[in-house]
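Comments concern the structure below.
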Amino acid sequence: KNEVEQSPQNLTAQEGEFITINCSYSVGISALHWLQQHPGGGIVSLFMLSSGKKKHGRLIATINIQEKHSSLHITASHPRDSAVYICAATLGRGADGLTFGKGTHLIIQP
Amino acid sequence: EAQVTQNPRYLITVTGKKLTVTCSQNMNHEYMSWYRQDPGLGLRQIYYSMNVEVTDKGDVPEGYKVSRKEKRNFPLILESPSPNQTSLYFCASSLLRTLSTDTQYFGPGTRLTVL
């Protein structure tokens, strides 16, 4: 069983919809990262958080340490948001490596 | 422009022929790392480095070598490539030595095919 689980694996939505992608992990973490991988393959770091909530434009990331769960929300989704979204965690007390979820493939239709 | 560069971007080679994928960053970052991405398996960490001359194994280090002789460069070496190393490879860097307080910057990726 992967230590970092994402859901859903695939998500298709209409433009304007509110999107939620979930990430859960099985052990204590130092930090949780959300990444975006564009159709061309490039990866961009969206958020790094260890508690609470962060917001950047239409993107919001939250984390609940007690429940070992993080969510990425997209408000007013747009076709350009279509990408693979990946969560990754620095597990345990060590902060040296990343363990990745398998990603959520998001398609926003016009 | 602040960036992580990888070369080559695409490579087709044959089993057993040694190859090196270069990675360079111009941001004076301490931490550098190599990942491979495979369908159904996602991203997995191969090796990482928190400082010059300091390298550590990630989750899938078998068949790979790395070196960190200079802060800006972190080459990935495949001494004897095999078809199971066909993958998409990413190099990444971050300013600080620990990933619990810093984000990563990714290179554009290298698509490697080993025949």
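Naming works like this for the structure tokens: A, B, ... for the chains as they're shown, residue 1 at the start of each chain, ligands 1 onward in shown order.
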
Selection: 10 Å around Gln37 of chain B, only C-alpha atoms, excl. self and same-chain fewer than 2 positions, as a PyMOL selection string:
(chain A and resi 102) or (chain B and resi 35+39-45+86-90+109+111)

May I have all residues of chain B that DSSP, computed from the backbone, assigns to strand (DSSP E), given as a PyMOL selection string?
chain B and resi 4-7+10-13+19-25+31-38+42-51+54-57+65-66+76-78+87-94+105-106+110-114

Dump as a tab-separated table the rows for residues of chain B within 9 Å of chain A: closest atom pair and distance in Å with one decimal, only C-alpha atoms counted, ordered by chain and rising residue number.
```
residue	atom	partner	partner_atom	distance
B:Tyr31	CA	A:Asp96	CA	8.9
B:Ser33	CA	A:Gly97	CA	8.6
B:Pro39	CA	A:Lys102	CA	9.0
B:Gly40	CA	A:Lys102	CA	7.0
B:Leu41	CA	A:Lys102	CA	6.3
B:Gly42	CA	A:Lys102	CA	4.6
B:Leu43	CA	A:Phe100	CA	6.0
B:Arg44	CA	A:Phe100	CA	6.8
B:Gln45	CA	A:Leu98	CA	6.8
B:Tyr47	CA	A:Gly97	CA	8.8
B:Tyr48	CA	A:Gly97	CA	7.5
B:Ser49	CA	A:Asp96	CA	8.7
B:Met50	CA	A:Asp96	CA	7.9
B:Asp56	CA	A:Asp96	CA	8.9
B:Gly58	CA	A:Gly97	CA	6.7
B:Asp59	CA	A:Thr99	CA	8.5
B:Phe90	CA	A:Ile43	CA	8.8
B:Arg97	CA	A:Asp96	CA	7.7
B:Thr98	CA	A:Ala95	CA	5.3
B:Leu99	CA	A:Ala95	CA	5.3
B:Ser100	CA	A:Ala31	CA	4.9
B:Thr101	CA	A:Ala31	CA	7.3
B:Asp102	CA	A:Met48	CA	7.0
B:Thr103	CA	A:Met48	CA	6.0
B:Gln104	CA	A:Ser45	CA	6.3
B:Tyr105	CA	A:Ser45	CA	6.8
B:Phe106	CA	A:Ile43	CA	6.0
B:Gly107	CA	A:Gly42	CA	7.5
B:Pro108	CA	A:Gly42	CA	5.3
B:Gly109	CA	A:Gly42	CA	7.0
```

Write out as a CSV table (one decimal) with N, CA and C atoms, in the first residue's frame each polymer residue whose atoms come within 7 Å of segment 59-62 of chain A, counting only C-alpha atoms; drop sequence neighbours fewer than 2 positions from it.
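Writing done, so here's selection_35.csv:
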```
chain,number,residue,atom,x,y,z
A,52,GLY,N,-2.6,24.1,8.3
A,52,GLY,CA,-3.5,25.2,7.9
A,52,GLY,C,-3.8,25.2,6.5
A,53,LYS,N,-3.7,26.3,5.9
A,53,LYS,CA,-4.3,26.6,4.6
A,53,LYS,C,-3.5,27.6,3.8
A,54,LYS,N,-3.3,27.4,2.5
A,54,LYS,CA,-2.6,28.4,1.7
A,54,LYS,C,-3.5,28.6,0.4
A,55,LYS,N,-3.4,29.8,-0.1
A,55,LYS,CA,-4.2,30.2,-1.3
A,55,LYS,C,-3.3,31.0,-2.2
A,56,HIS,N,-3.5,30.6,-3.5
A,56,HIS,CA,-2.8,31.3,-4.6
A,56,HIS,C,-3.7,31.4,-5.8
A,57,GLY,N,-4.2,32.6,-6.0
A,57,GLY,CA,-5.2,32.8,-7.0
A,57,GLY,C,-6.4,32.0,-6.8
A,64,ASN,N,-4.9,18.8,7.2
A,64,ASN,CA,-5.4,18.5,8.6
A,64,ASN,C,-4.4,17.4,9.1
A,70,SER,N,-4.9,16.0,3.2
A,70,SER,CA,-4.8,17.3,2.5
A,70,SER,C,-5.7,17.4,1.3
A,71,SER,N,-6.2,18.6,1.0
A,71,SER,CA,-7.0,18.8,-0.2
A,71,SER,C,-6.5,19.9,-1.0
A,72,LEU,N,-6.6,19.8,-2.3
A,72,LEU,CA,-6.4,20.9,-3.2
A,72,LEU,C,-7.7,21.3,-3.9
A,73,HIS,N,-8.0,22.5,-3.8
A,73,HIS,CA,-9.3,23.0,-4.4
A,73,HIS,C,-9.0,24.0,-5.5
A,74,ILE,N,-9.8,23.9,-6.5
A,74,ILE,CA,-9.7,24.9,-7.6
A,74,ILE,C,-11.1,25.5,-7.8
A,75,THR,N,-11.1,26.8,-7.6
A,75,THR,CA,-12.4,27.5,-7.8
A,75,THR,C,-12.5,28.1,-9.2
```

Atom CA of Lys17 of chain B to atom CA of Thr55 of chain B: how many Å, to one decimal?
24.0 Å

What lies within 8 Å of Cys23 of chain B using only C-alpha atoms, ignoring chain neighbours under 5 positions off, as an MDAnalysis selection string?
chainID B and resid 4:7 73:76 91 107

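If only C-alpha atoms are the atoms counted, then among B:Thr22, B:Glu30, B:Thr13, B:Glu1 the closest residue to Ser94 of chain B is B:Glu30.
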
Within 8 Å of Ile77 of chain B using only C-alpha atoms, minus same-chain residues under 4 positions, as number ranges by chain:
B: 18-21, 64-66

Output C-alpha atoms for every residue in the selection just made, as a PDB file, in the first residue's frame.
```
ATOM      1  CA  LYS B  18      26.975   3.940 -20.369  1.00  0.00           C
ATOM      2  CA  LEU B  19      25.221   7.300 -20.355  1.00  0.00           C
ATOM      3  CA  THR B  20      25.044  10.463 -18.288  1.00  0.00           C
ATOM      4  CA  VAL B  21      22.121  12.832 -17.929  1.00  0.00           C
ATOM      5  CA  TYR B  64      22.107   4.526 -10.964  1.00  0.00           C
ATOM      6  CA  LYS B  65      24.994   6.614  -9.719  1.00  0.00           C
ATOM      7  CA  VAL B  66      25.225  10.315  -8.954  1.00  0.00           C
TER       8      VAL B  66
END
```

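One finds atom CA of Ile107 of chain A at 13.5 Å from atom CA of Ala76 of chain A.
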
Residues near Asp81 of chain A, anyone? I mean within 9 Å using only C-alpha atoms, not counting same-chain ones fewer than 2 positions away, as a PyMOL selection string.
chain A and resi 38+74+77-79+83+106-108

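Comparing the minimum interatomic distances between Glu3 of chain A and each of A:Pro110, A:Ser24, A:Ile63, A:Ser51, counting only C-alpha atoms, we find that A:Ser24 sits nearest.
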
My list of candidates is A:Tyr85, A:Pro39, A:Gln66, A:Arg58. Which is closest to Asn22 of chain A when distances are computed with only C-alpha atoms?
A:Tyr85

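Between atom CA of Asn84 of chain B and atom CA of Val54 of chain B lies a distance of 27.0 Å.
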